[in-house]
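Data file: query.csv. Format and content: CSV, C-alpha atoms.
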chain,number,residue,atom,x,y,z
A,1,MET,CA,112.1,-205.3,-60.6
A,2,ASN,CA,108.8,-205.3,-62.4
A,3,HIS,CA,107.8,-203.0,-65.3
A,4,GLU,CA,106.1,-200.4,-63.2
A,5,GLN,CA,109.1,-200.0,-60.9
A,6,ALA,CA,111.4,-199.6,-63.9
A,7,GLY,CA,109.3,-196.7,-65.1
A,8,CYS,CA,109.5,-195.1,-61.7
A,9,CYS,CA,113.3,-195.3,-61.6
A,10,ARG,CA,113.6,-193.9,-65.1
A,11,SER,CA,111.5,-190.9,-64.1
A,12,ARG,CA,113.6,-190.3,-61.0
A,13,ARG,CA,116.8,-190.6,-63.1
A,14,ALA,CA,115.4,-188.1,-65.6
A,15,MET,CA,114.5,-185.7,-62.9
A,16,LEU,CA,118.0,-185.9,-61.3
A,17,ALA,CA,119.7,-185.5,-64.6
A,18,GLY,CA,117.6,-182.4,-65.4
A,19,THR,CA,118.4,-181.0,-61.9
A,20,GLY,CA,122.1,-181.5,-62.6
A,21,ALA,CA,121.9,-179.8,-65.9
A,22,VAL,CA,120.3,-176.7,-64.3
A,23,GLY,CA,123.1,-176.6,-61.7
A,24,VAL,CA,125.7,-176.7,-64.5
A,25,ALA,CA,123.9,-174.0,-66.4
A,26,ALA,CA,123.8,-171.8,-63.3
A,27,LEU,CA,127.5,-172.2,-62.7
A,28,THR,CA,128.3,-171.5,-66.4
A,29,GLY,CA,126.8,-168.0,-65.9
A,30,CYS,CA,129.1,-167.1,-63.0
A,31,ALA,CA,132.0,-164.7,-63.8
A,32,THR,CA,135.6,-165.7,-63.4
A,33,TYR,CA,138.0,-163.3,-61.6
A,34,GLY,CA,140.1,-161.4,-64.2
A,35,GLN,CA,137.5,-161.8,-67.0
A,36,PRO,CA,135.8,-158.7,-68.2
A,37,THR,CA,132.2,-158.5,-67.1
A,38,SER,CA,129.5,-156.1,-67.8
A,39,ALA,CA,129.3,-153.5,-65.1
A,40,PRO,CA,126.3,-153.5,-62.8
A,41,PRO,CA,123.8,-150.8,-63.6
A,42,PRO,CA,124.7,-147.5,-62.1
A,43,PRO,CA,123.0,-146.6,-58.8
A,44,PRO,CA,120.1,-144.2,-59.0
A,45,PRO,CA,121.2,-140.5,-58.9
A,46,PRO,CA,121.2,-138.9,-55.5
A,47,ALA,CA,118.3,-136.7,-54.7
A,48,GLY,CA,118.8,-133.2,-56.2
A,49,ASN,CA,121.3,-134.5,-58.8
A,50,PRO,CA,119.4,-135.2,-62.0
A,51,SER,CA,122.6,-134.8,-64.0
A,52,ALA,CA,123.8,-138.3,-63.2
A,53,ASP,CA,121.1,-139.5,-65.5
A,54,PRO,CA,121.7,-138.2,-69.1
A,55,SER,CA,118.0,-138.4,-69.9
A,56,ALA,CA,117.3,-136.0,-67.1
A,57,SER,CA,120.1,-133.5,-68.0
A,58,GLY,CA,117.6,-130.8,-68.9
A,59,ALA,CA,119.9,-130.1,-71.9
A,60,PRO,CA,118.2,-128.3,-74.7
A,61,ASP,CA,117.6,-130.4,-77.7
A,62,ALA,CA,117.9,-128.6,-81.0
A,63,GLY,CA,116.1,-130.7,-83.6
A,64,GLY,CA,119.1,-131.0,-86.0
A,65,GLY,CA,121.7,-133.2,-84.2
A,66,PRO,CA,122.1,-136.0,-81.8
A,67,PRO,CA,120.3,-135.6,-78.5
A,68,ALA,CA,122.2,-133.6,-75.8
A,69,LEU,CA,123.9,-135.8,-73.2
A,70,ALA,CA,124.4,-133.0,-70.7
A,71,THR,CA,124.6,-129.2,-70.2
A,72,LEU,CA,127.7,-127.4,-69.2
A,73,ALA,CA,126.2,-127.0,-65.7
A,74,ASP,CA,125.9,-130.8,-65.4
A,75,ILE,CA,129.7,-131.2,-65.5
A,76,PRO,CA,131.5,-129.9,-62.4
A,77,VAL,CA,134.7,-128.0,-62.8
A,78,GLY,CA,137.6,-130.3,-61.8
A,79,GLY,CA,135.3,-133.3,-62.2
A,80,GLY,CA,132.9,-135.0,-64.6
A,81,GLN,CA,130.1,-137.3,-65.2
A,82,ILE,CA,129.9,-140.9,-66.6
A,83,TYR,CA,127.3,-141.6,-69.3
A,84,GLY,CA,127.5,-145.3,-69.5
A,85,ASP,CA,124.7,-145.8,-72.0
A,86,ALA,CA,126.5,-143.5,-74.4
A,87,GLY,CA,129.9,-145.0,-73.5
A,88,VAL,CA,131.6,-141.7,-72.5
A,89,VAL,CA,132.9,-139.8,-69.6
A,90,ILE,CA,132.6,-136.0,-69.9
A,91,THR,CA,135.0,-133.9,-67.8
A,92,GLN,CA,135.6,-130.2,-67.2
A,93,PRO,CA,139.2,-130.0,-66.0
A,94,THR,CA,139.2,-126.2,-66.1
A,95,PRO,CA,136.3,-123.7,-66.4
A,96,GLY,CA,134.9,-123.9,-69.9
A,97,THR,CA,137.2,-126.8,-71.1
A,98,ILE,CA,135.1,-129.9,-71.9
A,99,LYS,CA,136.9,-133.2,-72.6
A,100,ALA,CA,135.4,-136.6,-73.3
A,101,TYR,CA,136.8,-140.1,-73.2
A,102,SER,CA,135.6,-143.7,-73.6
A,103,SER,CA,134.0,-145.0,-70.4
A,104,THR,CA,135.6,-148.4,-71.0
A,105,CYS,CA,138.7,-149.0,-68.9
A,106,THR,CA,141.7,-150.0,-71.0
A,107,HIS,CA,142.8,-152.6,-68.5
A,108,GLN,CA,140.1,-155.3,-68.9
A,109,GLY,CA,137.1,-153.5,-70.4
A,110,CYS,CA,135.1,-152.6,-67.2
A,111,THR,CA,133.1,-149.4,-67.3
A,112,VAL,CA,134.7,-146.7,-65.2
A,113,THR,CA,132.9,-146.1,-62.0
A,114,SER,CA,133.5,-142.6,-60.7
A,115,VAL,CA,135.0,-139.2,-61.4
A,116,THR,CA,136.6,-137.6,-58.3
A,117,ASN,CA,139.5,-135.4,-57.3
A,118,GLY,CA,140.5,-134.7,-60.9
A,119,THR,CA,140.6,-138.4,-61.8
A,120,ILE,CA,138.4,-141.0,-63.5
A,121,VAL,CA,138.5,-144.2,-61.5
A,122,CYS,CA,137.8,-147.8,-62.6
A,123,ALA,CA,136.9,-149.8,-59.4
A,124,CYS,CA,137.3,-153.2,-61.1
A,125,HIS,CA,141.1,-153.2,-60.5
A,126,ASN,CA,141.7,-149.6,-59.3
A,127,SER,CA,143.0,-148.0,-62.5
A,128,VAL,CA,143.0,-144.2,-62.3
A,129,PHE,CA,143.0,-141.8,-65.2
A,130,ASP,CA,143.5,-138.0,-65.5
A,131,ILE,CA,140.4,-135.9,-66.4
A,132,ALA,CA,142.5,-133.5,-68.5
A,133,ASP,CA,144.0,-135.9,-71.0
A,134,GLY,CA,142.8,-139.4,-70.1
A,135,SER,CA,146.3,-140.5,-69.2
A,136,VAL,CA,147.0,-143.3,-66.7
A,137,ARG,CA,147.8,-141.9,-63.2
A,138,SER,CA,148.0,-145.4,-61.7
A,139,GLY,CA,147.6,-148.9,-63.1
A,140,PRO,CA,147.2,-151.7,-63.7
A,141,ALA,CA,145.9,-150.0,-66.9
A,142,GLY,CA,148.8,-149.4,-69.3
A,143,SER,CA,147.0,-147.2,-71.9
A,144,PRO,CA,145.1,-143.9,-71.6
A,145,LEU,CA,141.3,-143.7,-72.1
A,146,PRO,CA,140.7,-143.0,-75.7
A,147,ALA,CA,139.3,-139.6,-76.5
A,148,ALA,CA,135.6,-139.4,-77.5
A,149,ASN,CA,134.2,-136.7,-79.8
A,150,VAL,CA,131.7,-134.4,-78.3
A,151,SER,CA,130.6,-130.9,-79.4
A,152,VAL,CA,129.4,-128.0,-77.3
A,153,ASP,CA,126.5,-126.1,-78.8
A,154,GLY,CA,125.6,-123.2,-76.5
A,155,ASP,CA,125.0,-125.0,-73.2
A,156,ALA,CA,124.4,-128.5,-74.7
A,157,ILE,CA,127.0,-131.2,-74.9
A,158,ARG,CA,126.4,-133.8,-77.6
A,159,LEU,CA,128.2,-136.7,-79.1
A,160,ALA,CA,129.9,-135.5,-82.3

Target format structure tokens, applied to this file:
Amino acid sequence: MNHEQAGCCRSRRAMLAGTGAVGVAALTGCATYGQPTSAPPPPPPPAGNPSADPSASGAPDAGGGPPALATLADIPVGGGQIYGDAGVVITQPTPGTIKAYSSTCTHQGCTVTSVTNGTIVCACHNSVFDIADGSVRSGPAGSPLPAANVSVDGDAIRLA
């Protein structure tokens, strides 16, 4: 092999080594089952439901405190809304009763995915929590959702 051919082979080897490193880096970014991952971004709100987006809640914003996450009208009685950016789920188990919990599932740290039929659901592993007290209705989660502090000022719901 002459000197020019040796240079050619080194370039080819360098290229192949670089390609292999990129493949390993791509595999390193893959999640492993059972490991907490960040939840995918929430889907866009359905047409006619701006309350799914806290920035579009229409909640009045009195200049003195934190911005309003929602209005009372945004939180359905017997249901709730997830505000992932704020890390909370706000529920209204009975008319006029506002509750708030961490939106992080106590099983493996996924963000809860829905509020339906009086429950807060984490679709990662199907843990289900009660909207009235955050308790576990069905596992695998073994601990309730921690309460979050919110205040109701008129019609505005804010983090306290």

Query - Selection near Gly80 of chain A, 6 Å with all atoms listed in the file, sequence-local residues under 5 positions removed, as a VMD selection string - result: chain A and resid 75 90 to 91 115

Report task. Measure the distance from atom CA of Asn149 of chain A to atom CA of Val89 of chain A in Å and round it to one decimal. Result ->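 Atom CA of Asn149 of chain A sits 10.7 Å away from atom CA of Val89 of chain A.
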
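If you look at atom CA of Pro144 of chain A and atom CA of Ile120 of chain A, they are 10.9 Å away from each other.
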
Query - Between atom CA of Pro140 of chain A and atom CA of Pro93 of chain A - distance in Å to one decimal - result: 23.2 Å

Segment 113-154 of chain A residues near segment 99-108 of chain A within 9 Å, closest pair each, using all atoms listed in the file, as CSV:
residue,atom,partner,partner_atom,distance
A:Thr113,CA,A:Ser103,CA,8.5
A:Val121,CA,A:Cys105,CA,8.8
A:Cys122,CA,A:Cys105,CA,6.5
A:Cys124,CA,A:Gln108,CA,8.5
A:His125,CA,A:His107,CA,8.2
A:Ser127,CA,A:His107,CA,7.6
A:Ile131,CA,A:Lys99,CA,7.6
A:Ala132,CA,A:Lys99,CA,6.9
A:Asp133,CA,A:Lys99,CA,7.8
A:Gly134,CA,A:Tyr101,CA,6.8
A:Gly139,CA,A:His107,CA,8.1
A:Pro140,CA,A:His107,CA,6.6
A:Ala141,CA,A:His107,CA,4.4
A:Gly142,CA,A:His107,CA,6.8
A:Ser143,CA,A:Thr106,CA,6.1
A:Pro144,CA,A:Thr106,CA,7.0
A:Leu145,CA,A:Tyr101,CA,5.9
A:Pro146,CA,A:Tyr101,CA,5.5
A:Ala147,CA,A:Tyr101,CA,4.2
A:Ala148,CA,A:Tyr101,CA,4.5
A:Asn149,CA,A:Ala100,CA,6.6
A:Val150,CA,A:Ala100,CA,6.6

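Take the candidates A:Leu159, A:Val128, A:Ile98, A:Ala86 and check each one against Asp74 of chain A using all atoms listed in the file; the shortest distance goes to A:Ile98.
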
Report task. Tell me, as number ranges by chain, which residues lie within 12 Å of Gly65 of chain A, counting all atoms listed in the file; anything in the same chain fewer than 4 positions away does not count. Result -> A: 60-61, 69, 150-153, 156-160

Query raised in the report: Counting all atoms listed in the file, which of A:Thr111, A:Asn117, A:Ser138, A:Thr71 gets nearest to Gly84 of chain A?
Result: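 Under the stated criterion, the closest residue is A:Thr111.
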